[in-house]
Amino acid sequence: MDINQKFTPQTWPKHPEQATLEGKNKLVGLWIFLASDTVLFASVFATYIALKDSGPAGMEFAARDLYELPLAFIMTMLLLTSSLTSVYAMYHMKNYNYSGVRTWMGITVLLGLGFLCLEIYEFYHYVHIGFGYTQSAFSSAFFTLVGMHGLHVVIGLVWITGLIIRNSSRGLNLYNAPKFFAASLYWHFIDVVWVFIFTVVYLMGVLG
Amino acid sequence: MGHETHVEVRTQAQYEYDKAHSRAHMRKQVVNFAIMIFLTFIAFAAVLADFSPTFIIPIILLLAGIQVVLQLYAFMHLEDRSTHMVGVIEFFIWSAAFIAFTFFVAFTTIIWWGNY
């Protein structure tokens with residue numbers, strides 16, 4: 001069977017992402033990567049919790065006064081919504097509706113970009129008021145944790161944009177279906193990590 | 001690709017049935033999304049409502065846990081038991097969660113950084 005075989009909605013498999021051995025292996029491999037990424041994030045989370053609010057004597061920055069909940073709330077909503085839009089993209093993939101896949105993946109990228117802009121603004125603001133990366137143990141732990149999540153967002157955006165561009169004239173087939181599915185799984189994982197960031201960093205930070 | 005790829009033409013009736021089924025599934029996903037948004041609202045509202053932190057922190061951590069399980073099982077399709085090697089995937093993910101918990105406990109109890 002040819003990898004670029006054309007399908008109709010009737011011949012399109014129910015689980016296109018797992019119809020080939022390559023697709024099956026790709027997804028198990030991606031999940032194992034996500035598990036190892038969980039451990040990586042866990043170590044940075046634990047470091048942040050241990051170092052929160054600690055720094056040189058007379059440090060004027062405390063999590064309670066630093067964070068602004070409205071901004072964190074808007075960022076959470078953007079990322080949560082982008083998670084739903086990528087679910088929509090996978091729904092259209094099941095129905096062999098390629099323009100639906102591209103549109104919803106594109107909306108996911110736009111929401112992710114919005115999130116990224118707000119994060120850059122937030123970091124810029126912190127550095128501007130003197131809370132830079134080397135300011136204290138607290139600031140290093142904060143920027144490492146939240147910045148590493150931001151890096152994951154950047155990678156996800158480049159990944160999904162690349163998929164859309166590279167497959168723009170190919171059409172949906174069993175070659176690129178697992179690729180879109182893997183990118184959407186990765187995007188959900190970014191949201192999973194953010195759920196803990198807004199809870200542990202922002203909400204628990206404001207609680208003191 | 002090759003011999004392990006199995007493609008069959010569905011009948012019109014089967015096709016309609018599958019399509020309706022996946023539309024119903026998508027509606028469920030939207031409900032899951034609404035639950036996640038609702039839990040997020042509760043978490044932010046609870047923090048703004050000025051209760052005691054020792055009361056609020058366990059609650060918002062629990063809400064985060066529920067959200068993550070929803071993401072993993074609904075949005076990331078772990079609830080679909082026909083996923084290839086779903087047991088292996090679950091083993092890896094929950095092992096990672098256990099290791100994450102160990103880090104958290106170790107860093108907040110026996111590491112001396114917090115004393116400064």
# chains A, B, ... in the order shown; residues from 1 in each chain; ligands from 1
$ residues_around --residues "range 75-91 of chain B" --least-positions-apart "2" --cutoff "9 Å" --atoms "only C-alpha atoms" --output "compact mmCIF listing (two decimals) with all heavy atoms, in the first residue's frame"
# COMPACT_ATOMS: atom_id res chain seq x y z
N HIS A 15 -9.58 4.95 13.31
CA HIS A 15 -8.46 5.50 14.08
C HIS A 15 -7.29 5.73 13.13
O HIS A 15 -6.33 4.97 13.14
CB HIS A 15 -8.05 4.55 15.20
CG HIS A 15 -9.07 4.44 16.28
ND1 HIS A 15 -9.25 5.41 17.24
CD2 HIS A 15 -9.98 3.48 16.54
CE1 HIS A 15 -10.22 5.05 18.04
NE2 HIS A 15 -10.69 3.88 17.65
N GLN A 18 -3.70 5.48 14.22
CA GLN A 18 -3.15 4.19 14.64
C GLN A 18 -3.35 3.11 13.58
O GLN A 18 -3.26 1.92 13.89
CB GLN A 18 -3.82 3.74 15.93
CG GLN A 18 -3.53 4.68 17.07
CD GLN A 18 -4.08 4.16 18.35
OE1 GLN A 18 -3.77 3.07 18.78
NE2 GLN A 18 -4.94 4.94 18.98
N LYS A 24 1.34 3.81 15.32
CA LYS A 24 1.26 3.20 16.66
C LYS A 24 2.54 3.44 17.44
O LYS A 24 2.50 3.88 18.60
CB LYS A 24 1.03 1.70 16.52
CG LYS A 24 -0.37 1.32 16.11
CD LYS A 24 -0.46 -0.17 15.93
CE LYS A 24 -1.86 -0.57 15.52
NZ LYS A 24 -1.89 -1.85 14.82
N ASN A 25 3.68 3.14 16.82
CA ASN A 25 4.96 3.29 17.51
C ASN A 25 5.23 4.74 17.87
O ASN A 25 5.73 5.04 18.95
CB ASN A 25 6.10 2.78 16.62
CG ASN A 25 6.06 1.27 16.50
OD1 ASN A 25 5.41 0.60 17.30
ND2 ASN A 25 6.73 0.75 15.50
N LEU A 27 3.13 7.09 18.59
CA LEU A 27 2.35 7.59 19.72
C LEU A 27 2.84 7.01 21.04
O LEU A 27 2.91 7.72 22.04
CB LEU A 27 0.86 7.30 19.50
CG LEU A 27 0.30 8.03 18.28
CD1 LEU A 27 -1.17 7.73 18.11
CD2 LEU A 27 0.52 9.52 18.38
N VAL A 28 3.21 5.72 21.05
CA VAL A 28 3.76 5.16 22.29
C VAL A 28 5.05 5.89 22.64
O VAL A 28 5.29 6.27 23.80
CB VAL A 28 4.01 3.64 22.15
CG1 VAL A 28 4.71 3.11 23.40
CG2 VAL A 28 2.70 2.90 21.95
N TRP A 31 4.33 9.26 24.13
CA TRP A 31 3.86 9.17 25.52
C TRP A 31 5.02 8.93 26.47
O TRP A 31 5.05 9.47 27.58
CB TRP A 31 2.82 8.05 25.67
CG TRP A 31 1.42 8.51 25.39
CD1 TRP A 31 0.69 8.28 24.27
CD2 TRP A 31 0.57 9.26 26.27
NE1 TRP A 31 -0.56 8.84 24.39
CE2 TRP A 31 -0.66 9.44 25.60
CE3 TRP A 31 0.74 9.79 27.54
CZ2 TRP A 31 -1.72 10.14 26.18
CZ3 TRP A 31 -0.32 10.48 28.12
CH2 TRP A 31 -1.53 10.65 27.43
N ILE A 32 5.98 8.11 26.06
CA ILE A 32 7.14 7.86 26.93
C ILE A 32 7.94 9.16 27.08
O ILE A 32 8.42 9.49 28.17
CB ILE A 32 7.99 6.70 26.38
CG1 ILE A 32 7.18 5.41 26.49
CG2 ILE A 32 9.30 6.57 27.16
CD1 ILE A 32 7.83 4.21 25.86
N ALA A 35 6.12 11.26 29.59
CA ALA A 35 6.36 10.80 30.96
C ALA A 35 7.71 11.31 31.45
O ALA A 35 7.83 11.77 32.60
CB ALA A 35 6.30 9.28 31.02
N SER A 83 -6.50 24.14 24.01
CA SER A 83 -6.59 22.69 24.17
C SER A 83 -7.87 22.17 23.51
O SER A 83 -7.84 21.16 22.80
CB SER A 83 -6.59 22.36 25.67
OG SER A 83 -5.88 21.19 25.92
N LEU A 84 -8.97 22.89 23.73
CA LEU A 84 -10.24 22.47 23.12
C LEU A 84 -10.18 22.56 21.59
O LEU A 84 -10.67 21.67 20.90
CB LEU A 84 -11.40 23.32 23.64
CG LEU A 84 -12.75 22.95 23.04
CD1 LEU A 84 -13.27 21.66 23.65
CD2 LEU A 84 -13.79 24.04 23.22
N SER A 86 -7.69 22.14 19.68
CA SER A 86 -6.96 21.03 19.07
C SER A 86 -7.76 19.73 19.17
O SER A 86 -7.59 18.83 18.34
CB SER A 86 -5.55 20.90 19.65
OG SER A 86 -5.56 20.21 20.86
N VAL A 87 -8.67 19.64 20.17
CA VAL A 87 -9.60 18.50 20.19
C VAL A 87 -10.52 18.57 18.96
O VAL A 87 -10.80 17.56 18.31
CB VAL A 87 -10.44 18.48 21.48
CG1 VAL A 87 -11.55 17.44 21.40
CG2 VAL A 87 -9.56 18.18 22.67
N SER A 184 -0.98 17.27 18.66
CA SER A 184 -2.08 17.67 19.53
C SER A 184 -1.91 17.07 20.93
O SER A 184 -2.20 17.73 21.93
CB SER A 184 -3.42 17.30 18.90
OG SER A 184 -4.02 16.23 19.56
N LEU A 185 -1.38 15.83 21.02
CA LEU A 185 -1.10 15.26 22.35
C LEU A 185 -0.09 16.13 23.10
O LEU A 185 -0.26 16.43 24.29
CB LEU A 185 -0.51 13.85 22.21
CG LEU A 185 -1.46 12.68 22.03
CD1 LEU A 185 -0.68 11.38 22.07
CD2 LEU A 185 -2.51 12.67 23.12
N HIS A 188 -1.71 19.23 24.45
CA HIS A 188 -2.47 18.98 25.68
C HIS A 188 -1.55 18.87 26.88
O HIS A 188 -1.87 19.32 27.97
CB HIS A 188 -3.28 17.69 25.56
CG HIS A 188 -4.41 17.78 24.60
ND1 HIS A 188 -5.33 18.80 24.63
CD2 HIS A 188 -4.78 16.99 23.57
CE1 HIS A 188 -6.20 18.63 23.67
NE2 HIS A 188 -5.88 17.54 23.00
N PHE A 189 -0.38 18.24 26.67
CA PHE A 189 0.57 18.09 27.77
C PHE A 189 1.03 19.46 28.27
O PHE A 189 1.18 19.67 29.48
CB PHE A 189 1.77 17.25 27.32
CG PHE A 189 2.79 17.09 28.40
CD1 PHE A 189 2.55 16.24 29.47
CD2 PHE A 189 3.98 17.80 28.38
CE1 PHE A 189 3.47 16.10 30.48
CE2 PHE A 189 4.91 17.67 29.39
CZ PHE A 189 4.66 16.81 30.44
N GLN B 29 -16.77 16.04 24.78
CA GLN B 29 -15.51 16.77 24.99
C GLN B 29 -15.78 18.22 25.34
O GLN B 29 -15.07 18.80 26.18
CB GLN B 29 -14.63 16.71 23.73
CG GLN B 29 -14.17 15.32 23.34
CD GLN B 29 -13.05 14.81 24.21
OE1 GLN B 29 -13.08 14.95 25.43
NE2 GLN B 29 -12.05 14.20 23.60
N ASN B 32 -16.60 18.30 28.89
CA ASN B 32 -15.36 18.19 29.67
C ASN B 32 -14.65 19.53 29.76
O ASN B 32 -14.14 19.92 30.81
CB ASN B 32 -14.42 17.16 29.04
CG ASN B 32 -14.91 15.75 29.25
OD1 ASN B 32 -15.50 15.44 30.27
ND2 ASN B 32 -14.66 14.90 28.27
N PHE B 33 -14.61 20.24 28.63
CA PHE B 33 -13.97 21.55 28.59
C PHE B 33 -14.69 22.52 29.54
O PHE B 33 -14.04 23.25 30.31
CB PHE B 33 -13.98 22.09 27.16
CG PHE B 33 -13.51 23.50 27.04
CD1 PHE B 33 -12.16 23.80 27.17
CD2 PHE B 33 -14.40 24.53 26.78
CE1 PHE B 33 -11.72 25.10 27.06
CE2 PHE B 33 -13.95 25.83 26.66
CZ PHE B 33 -12.61 26.12 26.81
N LEU B 70 -8.80 14.79 33.75
CA LEU B 70 -9.70 15.04 32.61
C LEU B 70 -8.91 15.23 31.32
O LEU B 70 -9.27 14.68 30.27
CB LEU B 70 -10.54 16.29 32.87
CG LEU B 70 -11.89 16.12 33.56
CD1 LEU B 70 -12.56 17.46 33.73
CD2 LEU B 70 -12.78 15.20 32.76
N GLN B 71 -7.83 16.02 31.39
CA GLN B 71 -7.00 16.23 30.20
C GLN B 71 -6.45 14.91 29.68
O GLN B 71 -6.56 14.61 28.50
CB GLN B 71 -5.82 17.15 30.53
CG GLN B 71 -6.14 18.62 30.59
CD GLN B 71 -6.00 19.31 29.24
OE1 GLN B 71 -5.58 18.72 28.27
NE2 GLN B 71 -6.38 20.57 29.20
N LEU B 72 -5.86 14.12 30.61
CA LEU B 72 -5.21 12.88 30.18
C LEU B 72 -6.22 11.89 29.60
O LEU B 72 -6.00 11.32 28.54
CB LEU B 72 -4.49 12.22 31.36
CG LEU B 72 -3.23 12.90 31.87
CD1 LEU B 72 -2.74 12.22 33.14
CD2 LEU B 72 -2.14 12.86 30.83
N TYR B 73 -7.36 11.71 30.28
CA TYR B 73 -8.27 10.65 29.87
C TYR B 73 -9.25 11.08 28.80
O TYR B 73 -9.59 10.28 27.94
CB TYR B 73 -8.99 10.07 31.10
CG TYR B 73 -8.08 9.10 31.82
CD1 TYR B 73 -7.14 9.56 32.72
CD2 TYR B 73 -8.10 7.74 31.52
CE1 TYR B 73 -6.25 8.69 33.33
CE2 TYR B 73 -7.23 6.87 32.12
CZ TYR B 73 -6.31 7.35 33.03
OH TYR B 73 -5.42 6.48 33.61
N ILE B 93 3.07 6.98 32.53
CA ILE B 93 2.59 8.27 33.00
C ILE B 93 2.39 8.27 34.52
O ILE B 93 2.81 9.20 35.22
CB ILE B 93 1.28 8.65 32.27
CG1 ILE B 93 1.61 9.25 30.90
CG2 ILE B 93 0.43 9.63 33.05
CD1 ILE B 93 2.28 10.61 30.95
N TRP B 94 1.79 7.20 35.05
CA TRP B 94 1.56 7.20 36.50
C TRP B 94 2.84 6.98 37.28
O TRP B 94 2.97 7.46 38.41
CB TRP B 94 0.47 6.19 36.87
CG TRP B 94 -0.87 6.68 36.40
CD1 TRP B 94 -1.65 6.14 35.41
CD2 TRP B 94 -1.58 7.84 36.86
NE1 TRP B 94 -2.77 6.89 35.21
CE2 TRP B 94 -2.77 7.93 36.09
CE3 TRP B 94 -1.33 8.81 37.82
CZ2 TRP B 94 -3.69 8.96 36.27
CZ3 TRP B 94 -2.26 9.83 38.00
CH2 TRP B 94 -3.41 9.90 37.24
N SER B 95 3.81 6.24 36.69
CA SER B 95 5.13 6.15 37.34
C SER B 95 5.76 7.53 37.41
O SER B 95 6.34 7.91 38.43
CB SER B 95 6.05 5.21 36.56
OG SER B 95 5.47 3.96 36.42
N ALA B 96 5.66 8.29 36.30
CA ALA B 96 6.22 9.64 36.28
C ALA B 96 5.54 10.50 37.34
O ALA B 96 6.20 11.27 38.05
CB ALA B 96 6.05 10.26 34.90
$ residues_around --residues "range 140-150 of chain A" --least-positions-apart "6" --cutoff "7 Å" --atoms "only C-alpha atoms" --output "list in words"
Val44, Phe45, Thr47, Tyr48, Leu51, Leu116, Tyr133 and Thr134 of chain A
$ write_last_selection --atoms "C-alpha atoms" --output "JSON list (two decimals), in the first residue's frame"
[["chain", "number", "residue", "atom", "x", "y", "z"],
["A", 44, "VAL", "CA", 11.92, 22.15, 38.53],
["A", 45, "PHE", "CA", 8.57, 22.43, 40.34],
["A", 47, "THR", "CA", 13.02, 23.35, 43.26],
["A", 48, "TYR", "CA", 10.65, 26.29, 42.89],
["A", 51, "LEU", "CA", 13.21, 28.15, 46.96],
["A", 116, "LEU", "CA", 3.21, 33.56, 24.58],
["A", 133, "TYR", "CA", 16.95, 35.95, 36.55],
["A", 134, "THR", "CA", 20.02, 36.45, 38.77]]
$ residues_around --residues "Thr85 in chain A" --least-positions-apart "4" --cutoff "9 Å" --atoms "only C-alpha atoms" --output "ChimeraX atom specification"
/A:80-81,89-90,104-105,107-108
$ atom_distance --atom1 "CA of Thr8 in chain A" --atom2 "CA of Trp159 in chain A"
27.0 Å
$ residues_around --residues "Ala183 in chain A" --least-positions-apart "2" --cutoff "9 Å" --atoms "only C-alpha atoms" --output "list in words"
Gly156, Trp159, Ile160, Leu163, Pro178, Lys179, Phe180, Phe181, Leu185, Tyr186, Trp187 and His188 of chain A
$ write_last_selection --atoms "C-alpha atoms" --output "compact mmCIF listing (two decimals), in the first residue's frame"
# COMPACT_ATOMS: atom_id res chain seq x y z
CA GLY A 156 4.79 23.37 20.11
CA TRP A 159 5.93 22.15 15.43
CA ILE A 160 2.25 22.74 14.58
CA LEU A 163 3.04 20.59 10.12
CA PRO A 178 -0.25 10.41 13.26
CA LYS A 179 1.88 13.57 12.99
CA PHE A 180 -1.09 15.86 13.65
CA PHE A 181 -2.27 13.57 16.44
CA LEU A 185 -1.10 15.26 22.35
CA TYR A 186 2.00 17.37 23.01
CA TRP A 187 -0.14 20.51 23.07
CA HIS A 188 -2.47 18.98 25.68
$ closest_residue --among "B:Ile60, B:Ile110, B:Ile42, B:Ala13" --to "chain A" --atoms "only C-alpha atoms"
B:Ile60
$ select_by_dssp --residues "range 3-75 of chain B" --states "helix (DSSP H, G or I)" --output "MDAnalysis selection string"
chainID B and resid 12:48 53:75
$ atom_distance --atom1 "CA of Tyr96 in chain A" --atom2 "CA of Val192 in chain A"
27.6 Å
$ atom_distance --atom1 "CA of Thr11 in chain B" --atom2 "CA of Lys28 in chain B"
25.8 Å
$ residues_around --residues "range 15-23 of chain B" --least-positions-apart "6" --cutoff "9 Å" --atoms "only C-alpha atoms" --output "PyMOL selection string"
chain A and resi 9-10+14+91+94-95
$ closest_residue --among "A:Phe123, A:Phe196, A:Tyr98, A:Tyr202" --to "chain B" --atoms "only C-alpha atoms"
A:Phe196
$ residues_around --residues "Met204 in chain A" --least-positions-apart "4" --cutoff "10 Å" --atoms "only C-alpha atoms" --output "MDAnalysis selection string"
(chainID A and resid 49 63:64 197:200 208) or (chainID B and resid 47 53 56:57 60:61)
$ write_last_selection --atoms "all heavy atoms" --output "compact mmCIF listing (two decimals), in the first residue's frame"
# COMPACT_ATOMS: atom_id res chain seq x y z
N ILE A 49 9.30 25.23 44.64
CA ILE A 49 8.60 25.24 45.93
C ILE A 49 9.58 25.40 47.08
O ILE A 49 9.34 26.13 48.04
CB ILE A 49 7.76 23.95 46.08
CG1 ILE A 49 6.63 23.94 45.05
CG2 ILE A 49 7.17 23.85 47.48
CD1 ILE A 49 5.98 22.59 44.90
N ALA A 63 6.47 36.54 46.53
CA ALA A 63 5.49 36.04 45.57
C ALA A 63 4.14 36.72 45.76
O ALA A 63 3.44 37.06 44.82
CB ALA A 63 5.34 34.53 45.72
N ARG A 64 3.79 36.98 47.04
CA ARG A 64 2.48 37.55 47.38
C ARG A 64 2.23 38.89 46.69
O ARG A 64 1.12 39.19 46.26
CB ARG A 64 2.43 37.72 48.89
CG ARG A 64 1.14 38.26 49.43
CD ARG A 64 1.31 38.56 50.91
NE ARG A 64 1.03 37.41 51.74
CZ ARG A 64 -0.21 37.02 52.06
NH1 ARG A 64 -1.24 37.67 51.60
NH2 ARG A 64 -0.42 35.99 52.84
N ILE A 197 1.18 24.95 36.99
CA ILE A 197 1.88 26.23 37.17
C ILE A 197 0.92 27.28 37.73
O ILE A 197 1.23 27.98 38.69
CB ILE A 197 2.52 26.71 35.86
CG1 ILE A 197 3.70 25.80 35.50
CG2 ILE A 197 3.00 28.16 35.98
CD1 ILE A 197 4.51 26.25 34.33
N PHE A 198 -0.31 27.37 37.15
CA PHE A 198 -1.18 28.43 37.67
C PHE A 198 -1.63 28.11 39.09
O PHE A 198 -1.86 29.02 39.88
CB PHE A 198 -2.33 28.75 36.70
CG PHE A 198 -3.60 27.95 36.85
CD1 PHE A 198 -4.41 28.09 37.96
CD2 PHE A 198 -4.00 27.07 35.85
CE1 PHE A 198 -5.59 27.37 38.08
CE2 PHE A 198 -5.18 26.34 35.96
CZ PHE A 198 -5.97 26.49 37.09
N THR A 199 -1.71 26.81 39.44
CA THR A 199 -2.10 26.47 40.80
C THR A 199 -0.96 26.68 41.79
O THR A 199 -1.10 27.39 42.79
CB THR A 199 -2.57 25.00 40.87
OG1 THR A 199 -3.61 24.81 39.92
CG2 THR A 199 -3.08 24.66 42.25
N VAL A 200 0.20 26.07 41.48
CA VAL A 200 1.30 26.06 42.44
C VAL A 200 2.03 27.41 42.46
O VAL A 200 2.38 27.92 43.53
CB VAL A 200 2.28 24.91 42.12
CG1 VAL A 200 3.53 25.01 42.97
CG2 VAL A 200 1.61 23.57 42.33
N GLY A 208 0.48 33.26 49.70
CA GLY A 208 1.59 33.54 50.59
C GLY A 208 2.32 32.30 51.06
O GLY A 208 1.95 31.19 50.81
N VAL B 47 -9.25 31.54 45.89
CA VAL B 47 -8.07 32.27 46.34
C VAL B 47 -8.42 33.73 46.63
O VAL B 47 -7.99 34.31 47.62
CB VAL B 47 -6.94 32.17 45.29
CG1 VAL B 47 -5.82 33.14 45.61
CG2 VAL B 47 -6.41 30.75 45.24
N PRO B 53 -5.23 30.02 54.06
CA PRO B 53 -4.44 29.25 53.09
C PRO B 53 -4.41 27.74 53.38
O PRO B 53 -4.41 26.94 52.46
CB PRO B 53 -3.04 29.86 53.21
CG PRO B 53 -3.29 31.24 53.69
CD PRO B 53 -4.49 31.17 54.57
N ILE B 56 -7.45 26.47 51.77
CA ILE B 56 -7.59 26.64 50.32
C ILE B 56 -6.59 25.79 49.54
O ILE B 56 -6.92 25.21 48.50
CB ILE B 56 -7.40 28.14 49.95
CG1 ILE B 56 -8.58 28.94 50.48
CG2 ILE B 56 -7.29 28.33 48.45
CD1 ILE B 56 -9.89 28.57 49.86
N ILE B 57 -5.34 25.69 50.03
CA ILE B 57 -4.29 25.03 49.24
C ILE B 57 -4.64 23.58 48.89
O ILE B 57 -4.55 23.20 47.72
CB ILE B 57 -2.92 25.15 49.95
CG1 ILE B 57 -2.42 26.60 49.81
CG2 ILE B 57 -1.89 24.19 49.36
CD1 ILE B 57 -1.14 26.90 50.54
N ILE B 60 -7.33 23.70 46.03
CA ILE B 60 -6.92 24.05 44.66
C ILE B 60 -6.01 22.98 44.08
O ILE B 60 -6.02 22.74 42.87
CB ILE B 60 -6.29 25.47 44.57
CG1 ILE B 60 -5.07 25.61 45.45
CG2 ILE B 60 -7.31 26.54 44.88
CD1 ILE B 60 -4.40 26.97 45.30
N LEU B 61 -5.23 22.30 44.94
CA LEU B 61 -4.40 21.19 44.42
C LEU B 61 -5.29 20.05 43.94
O LEU B 61 -5.02 19.43 42.91
CB LEU B 61 -3.41 20.70 45.49
CG LEU B 61 -2.21 21.61 45.72
CD1 LEU B 61 -1.35 21.08 46.86
CD2 LEU B 61 -1.36 21.72 44.46
